[in-house]
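Q: Hey, dropping structure_1.cif in here, mmCIF, C-alpha atoms:
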```cif
data_target
#
loop_
_atom_site.label_atom_id
_atom_site.label_comp_id
_atom_site.auth_asym_id
_atom_site.auth_seq_id
_atom_site.Cartn_x
_atom_site.Cartn_y
_atom_site.Cartn_z
CA MET A 1 -40.23 -20.18 -58.52
CA SER A 2 -41.52 -21.14 -55.08
CA ASN A 3 -45.15 -21.70 -54.19
CA LYS A 4 -45.38 -18.36 -52.44
CA LYS A 5 -48.17 -16.12 -53.69
CA LEU A 6 -47.50 -12.83 -55.37
CA LYS A 7 -48.95 -9.55 -54.23
CA TYR A 8 -51.76 -8.24 -56.46
CA ARG A 9 -52.37 -11.69 -57.90
CA GLU A 10 -56.06 -10.82 -58.42
CA TYR A 11 -54.81 -8.45 -61.13
CA LEU A 12 -51.95 -10.61 -62.38
CA GLU A 13 -54.36 -13.47 -63.05
CA ARG A 14 -56.00 -11.40 -65.76
CA PHE A 15 -52.94 -11.84 -67.95
CA PRO A 16 -51.64 -15.10 -69.40
CA ASP A 17 -48.37 -16.27 -67.82
CA CYS A 18 -47.96 -13.15 -65.69
CA PRO A 19 -45.26 -12.60 -64.71
CA CYS A 20 -43.55 -14.67 -67.38
CA SER A 21 -42.43 -17.90 -65.71
CA THR A 22 -39.29 -18.22 -67.81
CA LYS A 23 -38.05 -14.68 -67.21
CA TYR A 24 -38.72 -14.21 -63.48
CA SER A 25 -37.02 -15.89 -60.58
CA GLU A 26 -36.26 -15.35 -56.93
CA VAL A 27 -33.08 -13.39 -56.32
CA GLU A 28 -30.67 -12.58 -53.56
CA MET A 29 -29.12 -9.29 -54.49
CA PHE A 30 -28.78 -5.59 -53.82
CA ALA A 31 -31.13 -3.42 -55.88
CA TYR A 32 -31.75 0.30 -56.21
CA ARG A 33 -35.06 2.11 -56.51
CA TRP A 34 -36.06 5.77 -56.77
CA VAL A 35 -37.98 6.76 -53.65
CA LYS A 36 -39.80 9.77 -52.18
CA ARG A 37 -40.00 8.73 -48.53
CA GLN A 38 -43.00 10.92 -47.88
CA GLU A 39 -45.27 10.40 -44.91
CA GLY A 40 -48.29 8.28 -45.80
CA MET A 41 -47.07 7.42 -49.31
CA SER A 42 -45.71 4.04 -50.24
CA ASP A 43 -42.62 3.92 -52.39
CA PHE A 44 -43.51 0.39 -53.40
CA MET A 45 -46.89 0.84 -55.05
CA PRO A 46 -47.07 -0.55 -58.61
CA LEU A 47 -47.81 1.95 -61.36
CA ASN A 48 -51.05 0.29 -62.41
CA LEU A 49 -52.50 0.92 -58.95
CA ILE A 50 -51.50 4.57 -58.68
CA LYS A 51 -54.35 6.90 -59.53
CA THR A 52 -52.64 10.23 -58.94
CA PRO A 53 -50.89 11.26 -61.05
CA PRO A 54 -52.54 9.17 -63.75
CA GLN A 55 -50.50 6.54 -65.52
CA ARG A 56 -49.55 7.32 -69.11
CA ILE A 57 -51.93 5.12 -71.10
CA LEU A 58 -52.54 5.32 -74.83
CA ASP A 59 -54.18 1.92 -75.18
CA ASP A 60 -54.70 -1.23 -73.14
CA SER A 61 -51.23 -2.52 -74.02
CA ASP A 62 -49.80 0.12 -71.67
CA GLN A 63 -51.46 -1.46 -68.67
CA MET A 64 -50.09 -4.94 -68.79
CA CYS A 65 -48.50 -7.38 -66.37
CA LYS A 66 -45.32 -5.39 -65.78
CA GLY A 67 -47.33 -2.48 -64.41
CA TYR A 68 -48.01 -4.52 -61.28
CA GLY A 69 -44.30 -4.85 -60.63
CA LEU A 70 -41.75 -2.36 -59.32
CA SER A 71 -38.92 -0.74 -61.30
CA MET A 72 -35.47 -1.35 -59.89
CA PHE A 73 -31.87 -1.03 -61.02
CA LEU A 74 -28.81 -3.18 -60.71
CA SER A 75 -26.49 -0.43 -59.47
CA LEU A 76 -26.56 3.02 -57.93
CA LYS A 77 -24.76 4.45 -60.94
CA LEU A 78 -27.33 3.08 -63.38
CA ALA A 79 -30.29 4.15 -61.21
CA ALA A 80 -28.94 7.70 -61.07
CA LYS A 81 -28.05 7.74 -64.76
CA LYS A 82 -31.53 6.69 -65.85
CA TYR A 83 -33.11 9.31 -63.61
CA ASN A 84 -30.82 11.98 -65.02
CA ASN A 85 -31.31 10.97 -68.65
CA LEU A 86 -35.06 10.66 -68.34
CA THR A 87 -35.76 13.92 -66.58
CA ALA A 88 -33.32 15.82 -68.80
CA LYS A 89 -35.40 14.89 -71.86
CA LEU A 90 -38.65 16.20 -70.41
CA ARG A 91 -39.97 19.66 -71.03
CA GLY A 92 -39.37 22.03 -68.13
CA ASN A 93 -42.95 21.96 -66.83
CA LEU A 94 -42.97 18.16 -66.73
CA ARG A 95 -39.47 17.84 -65.33
CA GLU A 96 -40.47 19.52 -62.08
CA LYS A 97 -43.58 17.35 -61.76
CA GLN A 98 -41.70 14.15 -62.46
CA VAL A 99 -38.99 14.95 -59.94
CA GLN A 100 -41.77 15.23 -57.35
CA ASP A 101 -43.30 11.95 -58.55
CA TYR A 102 -40.12 9.94 -58.79
CA GLY A 103 -38.64 11.34 -55.58
CA LYS A 104 -35.19 12.76 -55.04
CA GLU A 105 -33.53 9.78 -53.45
CA ILE A 106 -32.39 6.30 -54.33
CA ALA A 107 -32.90 3.47 -51.86
CA LEU A 108 -30.55 0.53 -51.64
CA LEU A 109 -32.56 -2.62 -51.00
CA ASN A 110 -31.31 -5.94 -49.80
CA LEU A 111 -33.54 -8.38 -51.67
CA ASP A 112 -33.70 -12.04 -50.76
CA HIS A 113 -35.62 -15.10 -51.87
CA GLY A 114 -38.60 -14.34 -49.64
CA ASP A 115 -39.26 -10.91 -51.11
CA GLY A 116 -40.44 -11.79 -54.58
CA ILE A 117 -39.24 -12.45 -58.09
CA ALA A 118 -37.11 -10.35 -60.44
CA GLY A 119 -37.37 -10.20 -64.22
CA ASP A 120 -34.56 -10.10 -66.75
CA ILE A 121 -32.11 -7.29 -66.20
CA ASN A 122 -31.65 -4.92 -69.13
CA SER A 123 -27.99 -5.25 -70.02
CA VAL A 124 -27.59 -1.55 -70.85
CA SER A 125 -29.79 0.30 -68.39
CA GLY A 126 -29.60 -2.21 -65.54
CA HIS A 127 -33.37 -1.88 -65.15
CA PHE A 128 -35.57 -4.77 -64.10
CA THR A 129 -39.07 -5.33 -62.80
CA PHE A 130 -39.66 -6.89 -59.41
CA HIS A 131 -42.91 -8.55 -58.33
CA GLU A 132 -43.33 -8.79 -54.56
CA TYR A 133 -44.66 -11.77 -52.67
CA GLU A 134 -47.84 -10.99 -50.77
CA ASP A 135 -46.20 -10.95 -47.34
CA ALA A 136 -43.17 -8.90 -48.41
CA ASP A 137 -42.57 -5.42 -47.03
CA LEU A 138 -39.80 -3.80 -49.02
CA SER A 139 -39.78 -0.68 -46.89
CA ASN A 140 -38.08 -2.86 -44.28
CA LYS A 141 -35.44 -3.92 -46.78
CA ILE A 142 -33.95 -0.45 -47.29
CA ILE A 143 -30.42 -0.40 -45.96
CA GLU A 144 -29.16 2.94 -47.27
CA ILE A 145 -30.44 6.11 -48.93
CA PHE A 146 -28.57 8.15 -51.55
CA ASN A 147 -29.34 11.66 -52.73
CA ILE A 148 -29.95 12.23 -56.43
CA PHE A 149 -29.24 15.97 -56.18
CA ASP A 150 -26.55 17.78 -54.25
CA GLU A 151 -27.16 20.87 -52.08
CA ASN A 152 -26.98 23.06 -55.21
CA GLY A 153 -29.62 21.07 -57.03
CA LYS A 154 -27.09 19.45 -59.35
CA PHE A 155 -27.13 15.75 -60.15
CA VAL A 156 -24.77 13.75 -58.02
CA ILE A 157 -22.46 11.66 -60.19
CA TYR A 158 -22.09 8.14 -58.84
CA GLN A 159 -19.31 5.86 -60.07
CA MET B 1 -52.26 22.30 -67.19
CA GLU B 2 -52.03 24.99 -69.83
CA ASN B 3 -55.27 26.42 -71.22
CA LEU B 4 -55.57 25.78 -74.93
CA SER B 5 -57.67 27.29 -77.67
CA TYR B 6 -59.11 24.66 -79.99
CA ILE B 7 -60.17 24.93 -83.60
CA ASN B 8 -63.78 23.78 -83.66
CA ASN B 9 -64.74 20.76 -85.72
CA ASN B 10 -61.22 19.97 -86.71
CA GLN B 11 -60.44 16.63 -85.20
CA LEU B 12 -58.22 13.72 -86.05
CA SER B 13 -60.00 10.38 -85.91
CA GLN B 14 -58.43 7.89 -83.51
CA ASP B 15 -59.83 5.04 -85.62
CA GLN B 16 -57.60 5.88 -88.55
CA LEU B 17 -54.38 5.71 -86.53
CA ILE B 18 -52.30 2.62 -85.90
CA ARG B 19 -49.77 2.57 -83.10
CA ILE B 20 -46.40 1.62 -84.55
CA GLY B 21 -44.26 1.73 -81.43
CA ASP B 22 -42.81 3.84 -78.65
CA ILE B 23 -39.84 6.05 -79.43
CA VAL B 24 -39.33 6.79 -75.75
CA ASN B 25 -40.80 4.59 -73.05
CA PHE B 26 -40.13 4.32 -69.37
CA GLU B 27 -42.93 2.92 -67.24
CA GLY B 28 -45.26 3.89 -70.07
CA PRO B 29 -45.03 5.80 -73.33
CA LEU B 30 -43.42 9.24 -73.47
CA ILE B 31 -43.10 9.63 -77.25
CA THR B 32 -45.00 7.27 -79.53
CA LEU B 33 -45.22 6.85 -83.29
CA TYR B 34 -48.60 6.35 -84.96
CA GLN B 35 -49.43 5.99 -88.63
CA ASP B 36 -52.50 6.90 -90.58
CA ARG B 37 -54.08 3.71 -92.00
CA LYS B 38 -55.14 5.30 -95.24
CA TYR B 39 -52.55 7.87 -96.16
CA PHE B 40 -49.58 6.44 -94.22
CA ASP B 41 -48.76 9.80 -92.65
CA LEU B 42 -46.61 9.49 -89.55
CA TYR B 43 -47.79 11.13 -86.34
CA ILE B 44 -45.87 11.67 -83.13
CA PHE B 45 -47.71 11.49 -79.82
CA ASP B 46 -45.57 13.56 -77.51
CA TRP B 47 -46.35 13.69 -73.77
CA VAL B 48 -46.30 17.37 -72.85
CA ASP B 49 -48.33 17.93 -69.71
CA ARG B 50 -50.34 16.38 -66.93
CA ASP B 51 -52.30 17.24 -63.85
CA GLU B 52 -53.74 15.07 -61.09
CA THR B 53 -56.25 13.35 -63.37
CA THR B 54 -55.15 13.76 -66.95
CA ASN B 55 -52.22 13.27 -69.30
CA ARG B 56 -51.90 15.55 -72.31
CA TRP B 57 -50.34 14.52 -75.61
CA LEU B 58 -49.27 16.84 -78.38
CA ILE B 59 -49.82 15.22 -81.77
CA TYR B 60 -48.05 16.32 -84.91
CA GLN B 61 -47.21 14.90 -88.29
CA VAL B 62 -43.55 14.32 -89.05
CA ASN B 63 -41.61 13.78 -92.21
CA ALA B 64 -40.44 10.16 -92.58
CA HIS B 65 -36.94 11.20 -93.66
CA ALA B 66 -36.65 13.54 -90.68
CA LEU B 67 -37.84 10.82 -88.32
CA ASN B 68 -35.26 8.47 -89.76
CA ARG B 69 -32.57 11.08 -89.16
CA PHE B 70 -33.84 11.59 -85.61
CA LEU B 71 -33.59 7.86 -84.91
CA ASN B 72 -30.07 7.92 -86.33
CA ARG B 73 -29.23 10.75 -83.89
CA GLU B 74 -28.51 13.13 -86.77
CA ILE B 75 -31.07 15.74 -85.70
CA PRO B 76 -32.57 16.71 -82.32
CA HIS B 77 -36.21 16.57 -81.29
CA THR B 78 -36.64 20.25 -82.13
CA LEU B 79 -35.88 19.70 -85.83
CA LEU B 80 -38.08 16.62 -85.96
CA PHE B 81 -40.93 18.74 -84.60
CA GLU B 82 -40.35 21.33 -87.32
CA SER B 83 -40.02 18.81 -90.14
CA ILE B 84 -43.50 19.65 -91.47
CA PRO B 85 -44.04 23.23 -90.33
CA GLN B 86 -47.39 23.96 -92.01
CA LYS B 87 -49.23 20.96 -90.67
CA PRO B 88 -51.86 21.32 -87.96
CA ILE B 89 -51.02 20.49 -84.37
CA PHE B 90 -53.43 18.39 -82.35
CA VAL B 91 -53.86 17.64 -78.68
CA THR B 92 -55.59 14.87 -76.78
CA ASP B 93 -56.27 14.82 -73.05
CA ILE B 94 -56.48 11.27 -71.73
CA HIS B 95 -58.14 11.08 -68.33
CA HIS B 96 -57.35 8.48 -65.71
CA GLY B 97 -58.96 5.16 -66.63
CA HIS B 98 -59.38 6.11 -70.28
CA THR B 99 -57.45 5.40 -73.45
CA LEU B 100 -56.94 7.20 -76.73
CA LEU B 101 -60.05 5.55 -78.18
CA SER B 102 -62.31 7.49 -75.83
CA SER B 103 -60.35 10.74 -75.98
CA PRO B 104 -60.98 13.21 -78.81
CA ILE B 105 -58.01 14.56 -80.75
CA LYS B 106 -58.55 18.26 -81.39
CA GLU B 107 -56.60 20.77 -83.41
CA VAL B 108 -55.20 23.70 -81.45
CA HIS B 109 -54.70 27.29 -82.61
CA ASP B 110 -51.35 27.75 -80.90
CA ILE B 111 -49.22 25.72 -78.60
CA PRO B 112 -47.76 27.13 -75.39
CA LYS B 113 -44.06 27.87 -75.44
CA ASN B 114 -43.28 25.20 -72.90
CA TYR B 115 -44.84 22.51 -75.11
CA TYR B 116 -42.08 22.96 -77.67
CA PRO B 117 -39.57 20.10 -77.49
CA GLU B 118 -36.17 20.29 -75.90
CA GLU B 119 -32.95 20.09 -77.90
CA THR B 120 -32.58 16.40 -77.06
CA TYR B 121 -31.46 13.45 -79.13
CA PHE B 122 -32.87 9.96 -79.53
CA ASP B 123 -31.48 7.33 -77.21
CA LYS B 124 -31.81 3.71 -78.23
CA GLU B 125 -31.89 2.72 -74.59
CA ASP B 126 -35.31 4.41 -74.20
CA CYS B 127 -36.79 2.69 -77.21
CA PRO B 128 -38.26 -0.80 -76.93
CA SER B 129 -39.17 -1.11 -80.61
CA THR B 130 -36.50 0.42 -82.82
CA GLY B 131 -36.91 -2.29 -85.47
CA LYS B 132 -40.63 -1.72 -85.86
CA LEU B 133 -40.15 2.02 -86.08
CA LYS B 134 -37.46 1.71 -88.73
CA ASP B 135 -39.62 -0.65 -90.77
CA ALA B 136 -42.55 1.75 -90.69
CA ILE B 137 -40.35 4.65 -91.74
CA LEU B 138 -38.80 2.69 -94.57
CA ASP B 139 -42.22 1.58 -95.74
CA THR B 140 -43.49 5.13 -95.66
CA ILE B 141 -40.54 6.43 -97.62
CA THR B 142 -40.80 3.72 -100.25
CA SER B 143 -44.60 3.98 -100.48
CA SER B 144 -44.29 7.69 -101.02
CA SER B 145 -41.63 7.10 -103.61
CA LEU B 146 -43.79 4.49 -105.28
CA HIS B 147 -46.71 6.85 -105.34
CA ASN B 148 -44.67 9.29 -107.40
CA ARG B 149 -43.19 6.63 -109.63
CA LEU B 150 -46.57 5.09 -110.36
CA LYS B 151 -47.33 8.18 -112.35
CA HIS B 152 -44.84 6.96 -114.96
CA PRO B 153 -46.36 4.04 -116.86
CA SER B 154 -43.02 2.96 -118.31
CA TRP B 155 -41.71 2.12 -114.87
CA ILE B 156 -44.69 -0.08 -114.12
CA LYS B 157 -44.21 -2.04 -117.30
CA ALA B 158 -40.58 -2.67 -116.49
CA ASP B 159 -41.52 -4.58 -113.38
CA VAL B 160 -44.56 -6.39 -114.62
CA HIS B 161 -42.71 -9.66 -115.11
CA PHE B 162 -41.86 -9.66 -111.43
CA MET B 163 -45.36 -8.85 -110.35
CA TYR B 164 -46.62 -11.92 -112.13
CA THR B 165 -44.41 -14.20 -110.12
CA GLY B 166 -45.97 -13.35 -106.77
CA SER B 167 -48.88 -15.23 -105.36
CA PHE B 168 -49.78 -15.27 -101.71
CA SER B 169 -52.79 -16.22 -99.70
CA MET B 170 -53.16 -14.32 -96.47
CA ARG B 171 -54.68 -15.10 -93.14
CA SER B 172 -58.28 -14.87 -92.17
CA LYS B 173 -60.79 -13.24 -94.45
CA ILE B 174 -58.21 -11.27 -96.36
CA SER B 175 -57.05 -13.18 -99.35
CA MET B 176 -55.18 -11.67 -102.23
CA ASN B 177 -53.55 -13.03 -105.28
CA LEU B 178 -50.89 -10.65 -106.50
CA HIS B 179 -51.05 -12.12 -109.95
CA GLU B 180 -54.72 -11.36 -110.31
CA SER B 181 -54.88 -8.01 -108.63
CA PHE B 182 -51.90 -6.54 -110.40
CA ASP B 183 -52.68 -8.13 -113.73
CA MET B 184 -56.11 -6.60 -113.55
CA ASN B 185 -54.90 -3.14 -112.75
CA ILE B 186 -51.67 -2.65 -114.57
CA GLY B 187 -53.38 -2.22 -117.92
CA SER B 188 -55.95 0.21 -116.56
CA ASN B 189 -55.35 2.64 -113.73
CA VAL B 190 -52.50 1.72 -111.46
CA GLU B 191 -52.64 4.84 -109.37
CA ALA B 192 -56.25 4.17 -108.53
CA SER B 193 -55.45 0.67 -107.46
CA TYR B 194 -52.86 2.00 -105.06
CA TYR B 195 -55.63 3.56 -103.08
CA ARG B 196 -58.21 0.97 -103.81
CA LEU B 197 -56.16 -1.67 -102.07
CA ASP B 198 -56.97 -0.39 -98.66
CA ASN B 199 -54.61 -2.85 -97.01
CA ILE B 200 -51.24 -1.92 -95.62
CA ASN B 201 -49.73 -5.24 -96.49
CA ALA B 202 -50.73 -5.03 -100.10
CA ILE B 203 -49.16 -1.64 -100.44
CA HIS B 204 -46.05 -2.70 -98.66
CA LEU B 205 -45.64 -5.51 -101.13
CA MET B 206 -46.07 -3.13 -104.03
CA SER B 207 -43.61 -0.72 -102.63
CA LYS B 208 -40.78 -3.16 -102.67
CA VAL B 209 -40.58 -4.14 -106.28
CA TYR B 210 -38.24 -1.56 -107.69
CA THR B 211 -35.06 -2.69 -106.06
CA SER B 212 -32.59 -5.00 -107.77
CA ALA B 213 -33.77 -8.34 -109.09
CA LYS B 214 -32.07 -10.37 -106.39
CA GLN B 215 -33.30 -8.10 -103.63
CA LYS B 216 -36.82 -8.13 -104.91
CA GLU B 217 -37.57 -11.64 -103.80
CA ASN B 218 -35.86 -11.26 -100.47
CA ILE B 219 -37.60 -8.09 -99.51
CA LEU B 220 -40.94 -9.28 -100.71
CA ASP B 221 -40.66 -12.55 -98.84
CA ASN B 222 -39.40 -10.97 -95.63
CA LYS B 223 -41.97 -8.27 -95.63
CA TYR B 224 -44.73 -10.74 -96.19
CA ARG B 225 -43.71 -12.85 -93.23
CA GLN B 226 -43.09 -9.87 -91.03
CA LYS B 227 -46.43 -8.29 -91.69
CA TYR B 228 -48.37 -11.49 -91.47
CA SER B 229 -49.10 -11.24 -87.76
CA CYS B 230 -50.03 -7.59 -88.07
CA LEU B 231 -52.71 -8.04 -90.67
CA PRO B 232 -55.94 -6.25 -89.85
CA VAL B 233 -58.68 -8.81 -89.29
#
```
Kindly return the structure encoded in the file as C-alpha cells.
A:
Amino acid sequence: MSNKKLKYREYLERFPDCPCSTKYSEVEMFAYRWVKRQEGMSDFMPLNLIKTPPQRILDDSDQMCKGYGLSMFLSLKLAAKKYNNLTAKLRGNLREKQVQDYGKEIALLNLDHGDGIAGDINSVSGHFTFHEYEDADLSNKIIEIFNIFDENGKFVIYQ
Amino acid sequence: MENLSYINNNQLSQDQLIRIGDIVNFEGPLITLYQDRKYFDLYIFDWVDRDETTNRWLIYQVNAHALNRFLNREIPHTLLFESIPQKPIFVTDIHHGHTLLSSPIKEVHDIPKNYYPEETYFDKEDCPSTGKLKDAILDTITSSSLHNRLKHPSWIKADVHFMYTGSFSMRSKISMNLHESFDMNIGSNVEASYYRLDNINAIHLMSKVYTSAKQKENILDNKYRQKYSCLPV
C-alpha cells in the first residue's frame, strides 16, 4: 500500500487495522458499480455516511470499517446478477424503493493505482469493497454505462 | 410505511436476544437470526419496510427444523415464516443513528399483506455466516431433544459415566467443573439443573452427550473450543 491517504480516514481510524492491511491493495482493473446518476447525488458515497434512506443497522457491528468503502463487482454479468437476485428476494414494497436507491444503471470504472485500494474479491459473487484515496474522484473514472432494465422493465441479461 | 396496530404491553426484550448471524446480508443485514438466551427460541429479524428515517423489522419465532430445511433449500421463505403459526409477531422500528438496543420490540395485531415473505429460497451466496447458523440450529434441536429426554431418569443414568470424565475451566469469571455440577444434580433434579445453569455453553455441553461413545468426546471437545470465544462475560 502506498503512503497516500484514504478518504474518510477520520472515521477509518476508529477501527483497528481499517481497512485490513493484508486484504487490501492498489489495483489496476475494470470494475462495475450500480449507479443512479442523479443530479446533485454522488454515486460514490459510502453507506455509513448516507443518512437517507437510513442504513440497516441492528447493532454496532453493522457499521464497521467496510461501510466506509464502496461496493463494486468484477464483471458486468456479476454486477447485474447480484442486483437481480437481491431485488427479486425483496417484498414488493421494498423492491421499488431499493431500485430507486441502487439506481438502474451499472457504471464501468477504470480503476488505477491512484484511485484507492480494493479488498478481496468474493470468488462467487465477484463483489469487493473499494476504499478511495482522498484525492480520488471516481465519477471521472466512468467509461461506460449499462442499463439494468430494458425498455419493457425486464432485467437485461449480460453474458 | 404501513400503519400498524400494536398490542399494548406485549414486548419482547432486546436484552434476552443474542444475534447469531445474518441469513441474508448485502451492505447490511436483510434477514438475521437471533436466539433467546434463556429458552433458546430462534427468532428471525426480517427487513420489511423503510422510510426516509427508519427501517422496520418483522420479528417472528421459527422452528429449528424448519430453519434447517430453509438453509438446505428444501422449503421457501413462506413456509419458514409459517413454521410456528400460533406464535406472536413482533415489529421494531429502528431510526437512523439507533440500534436494536434502543428500539422497542412490540407485538402487532395483524401484519399487512405486503409484509408476508416472497416464495424465495435461501442462497448461500447471501449468507456470510452459514456455519454459525447451522451450529445454532443444531444446538437448538439437540437442546430441545435433551429437554424431553431428561424427563426419563434411566437415560441420564446411562450416560453418567461419561459425564464424570469431563472437567473444564472456562474463561473469565465463569468457571464450571462438569464433574461437580453434574454429580451434584444427577441424583436430585436434573430437569431443574437444566434451567438453573443459565449459561449457553453449559447447556450445549450437556446436549451433546447422547451420541455414540466415540463421537461424544469429539463433539464435546469441539463445541467447547468453538464456544469459548463466545462466552458471556
Q: Using only C-alpha atoms, find the one residue out of A:Lys97, A:Lys82, A:Lys154, A:Arg56 that sits nearest to Ser125 of chain A.
A: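 Answer, going by the shortest atom-to-atom distance: A:Lys82.
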Q: Compile the residues of chain A that lie within 8 Å of chain B, evaluated using only C-alpha atoms, and express the compilation as a list in words.
A: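 Residues of chain A within 8 Å of chain B, counting only C-alpha atoms: Leu47, Lys51, Thr52, Pro53, Pro54, Gln55, Arg56, Ile57, Leu58, Asp59, Asp60, Asp62, Gly67, Lys89, Leu90, Arg91, Gly92, Asn93, Leu94, Val124 and Ser125 of chain A.
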Q: Identify the residues within 10 Å of coordinate (-28.6, 5.3, -65.3) (same frame as the file), considering all atoms listed in the file, and give the answer as a short mmCIF file (atom, residue, chain, number, x, y, z; two decimals) with C-alpha atoms, in the coordinates of the input.
A:
```
data_model
loop_
_atom_site.label_atom_id
_atom_site.label_comp_id
_atom_site.auth_asym_id
_atom_site.auth_seq_id
_atom_site.Cartn_x
_atom_site.Cartn_y
_atom_site.Cartn_z
CA PHE A 73 -31.87 -1.03 -61.02
CA LEU A 74 -28.81 -3.18 -60.71
CA SER A 75 -26.49 -0.43 -59.47
CA LEU A 76 -26.56 3.02 -57.93
CA LYS A 77 -24.76 4.45 -60.94
CA LEU A 78 -27.33 3.08 -63.38
CA ALA A 79 -30.29 4.15 -61.21
CA ALA A 80 -28.94 7.70 -61.07
CA LYS A 81 -28.05 7.74 -64.76
CA LYS A 82 -31.53 6.69 -65.85
CA TYR A 83 -33.11 9.31 -63.61
CA ASN A 84 -30.82 11.98 -65.02
CA ASN A 85 -31.31 10.97 -68.65
CA LEU A 86 -35.06 10.66 -68.34
CA VAL A 124 -27.59 -1.55 -70.85
CA SER A 125 -29.79 0.30 -68.39
CA GLY A 126 -29.60 -2.21 -65.54
CA HIS A 127 -33.37 -1.88 -65.15
CA TYR A 158 -22.09 8.14 -58.84
#
```
Q: Name the residues within 12 Å of (-40.8, 4.8, -92.9), counting only C-alpha atoms in the file's coordinates, and put them as a ChimeraX atom specification.
A: /B:20,33-35,40-43,62-69,71,130-145,204,207
Q: Compare A:Leu6, A:Met41, A:Leu111, A:Met64 by their minimum atom-to-atom distance to Lys141 of chain A, counting only C-alpha atoms, and give me the closest one.
A: A:Leu111
Q: For the provided coordinates, the residues matched by the PyMOL selection byres ((chain B and resi 86) around 12) should be stated as a PyMOL selection string.
A: chain B and resi 60-63+81-85+87-89
Q: Just the residues within 10 Å of Glu28 of chain A, please, counting all atoms listed in the file, with nothing from its chain fewer than 4 positions along; format it as a list in words.
A: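 Residues meeting the cut-off are Asn110, Leu111, Asp112, His113, Gly114, Asp115, Gly116, Ile117 and Ala118 of chain A.
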Q: Could you please take those selected residues and save C-alpha atoms as a PDB file, keeping the file's coordinate frame?
A:
```pdb
ATOM      1  CA  ASN A 110     -31.310  -5.940 -49.800  1.00  0.00           C
ATOM      2  CA  LEU A 111     -33.540  -8.380 -51.670  1.00  0.00           C
ATOM      3  CA  ASP A 112     -33.700 -12.040 -50.760  1.00  0.00           C
ATOM      4  CA  HIS A 113     -35.620 -15.100 -51.870  1.00  0.00           C
ATOM      5  CA  GLY A 114     -38.600 -14.340 -49.640  1.00  0.00           C
ATOM      6  CA  ASP A 115     -39.260 -10.910 -51.110  1.00  0.00           C
ATOM      7  CA  GLY A 116     -40.440 -11.790 -54.580  1.00  0.00           C
ATOM      8  CA  ILE A 117     -39.240 -12.450 -58.090  1.00  0.00           C
ATOM      9  CA  ALA A 118     -37.110 -10.350 -60.440  1.00  0.00           C
TER      10      ALA A 118
END
```
Q: Could you check the closest approach to Gly103 of chain A for each of A:Ile157, A:Ile50, A:Ala88, A:Val35 and tell me which residue wins, using all atoms listed in the file?
A: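 The shortest atom-to-atom distance to Gly103 of chain A comes from A:Val35.
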Q: To verify the selection step, state as JSON, numbers by chain which residues the PyMOL selection byres ((chain A and resi 144) around 9) yields on this input.
A: {"A": [106, 107, 108, 109, 142, 143, 145, 146]}
Q: What does the distance between atom CA of Tyr102 of chain A and atom CA of Asp150 of chain A come to in Å, to one decimal place?
A: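 Going from atom CA of Tyr102 of chain A over to atom CA of Asp150 of chain A, I get 16.3 Å.
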Q: Measure the distance from atom CA of Glu26 of chain A to atom CA of Glu10 of chain A in Å and round it to one decimal.
A: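 Atom CA of Glu10 of chain A lies 20.4 Å from atom CA of Glu26 of chain A.
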Q: Name the closest residue to Phe70 of chain B among the candidates B:Ile105, B:Gln14, B:Ile23, B:Tyr6; distances are taken between atoms, counting only C-alpha atoms.
A: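 Closest candidate: B:Ile23.
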Q: Could you write out as a VMD selection string the residues that the PyMOL selection byres ((chain A and resi 131) around 10) matches in the shown file?
A: chain A and resid 6 to 9 19 24 to 26 46 65 to 71 115 to 119 129 to 130 132 to 134 136
Q: In Å, how far is it from atom CA of Gln16 of chain B to atom CA of Tyr39 of chain B?
A: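 Taking atom CA of Gln16 of chain B and atom CA of Tyr39 of chain B, their separation equals 9.3 Å.
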Q: Model the absent atoms of segment 39-49 of chain A so that N, CA and C atoms are present, and write the result as a CSV table (one decimal), keeping the file's coordinate frame.
A:
```csv
chain,number,residue,atom,x,y,z
A,39,GLU,N,-44.3,10.9,-45.9
A,39,GLU,CA,-45.3,10.4,-44.9
A,39,GLU,C,-46.6,10.0,-45.6
A,40,GLY,N,-47.0,8.8,-45.3
A,40,GLY,CA,-48.3,8.3,-45.8
A,40,GLY,C,-48.3,7.8,-47.2
A,41,MET,N,-47.1,7.8,-47.9
A,41,MET,CA,-47.1,7.4,-49.3
A,41,MET,C,-46.1,6.3,-49.4
A,42,SER,N,-46.6,5.2,-50.1
A,42,SER,CA,-45.7,4.0,-50.2
A,42,SER,C,-44.8,4.3,-51.4
A,43,ASP,N,-43.6,3.9,-51.3
A,43,ASP,CA,-42.6,3.9,-52.4
A,43,ASP,C,-42.6,2.6,-53.2
A,44,PHE,N,-43.5,1.7,-52.8
A,44,PHE,CA,-43.5,0.4,-53.4
A,44,PHE,C,-44.9,0.0,-53.9
A,45,MET,N,-45.6,1.0,-54.4
A,45,MET,CA,-46.9,0.8,-55.0
A,45,MET,C,-46.7,0.7,-56.6
A,46,PRO,N,-47.2,-0.4,-57.2
A,46,PRO,CA,-47.1,-0.6,-58.6
A,46,PRO,C,-47.8,0.6,-59.4
A,47,LEU,N,-47.3,0.9,-60.5
A,47,LEU,CA,-47.8,2.0,-61.4
A,47,LEU,C,-49.3,1.8,-61.7
A,48,ASN,N,-49.7,0.5,-62.0
A,48,ASN,CA,-51.0,0.3,-62.4
A,48,ASN,C,-52.1,0.6,-61.3
A,49,LEU,N,-51.6,0.7,-60.1
A,49,LEU,CA,-52.5,0.9,-59.0
A,49,LEU,C,-52.4,2.4,-58.4
```
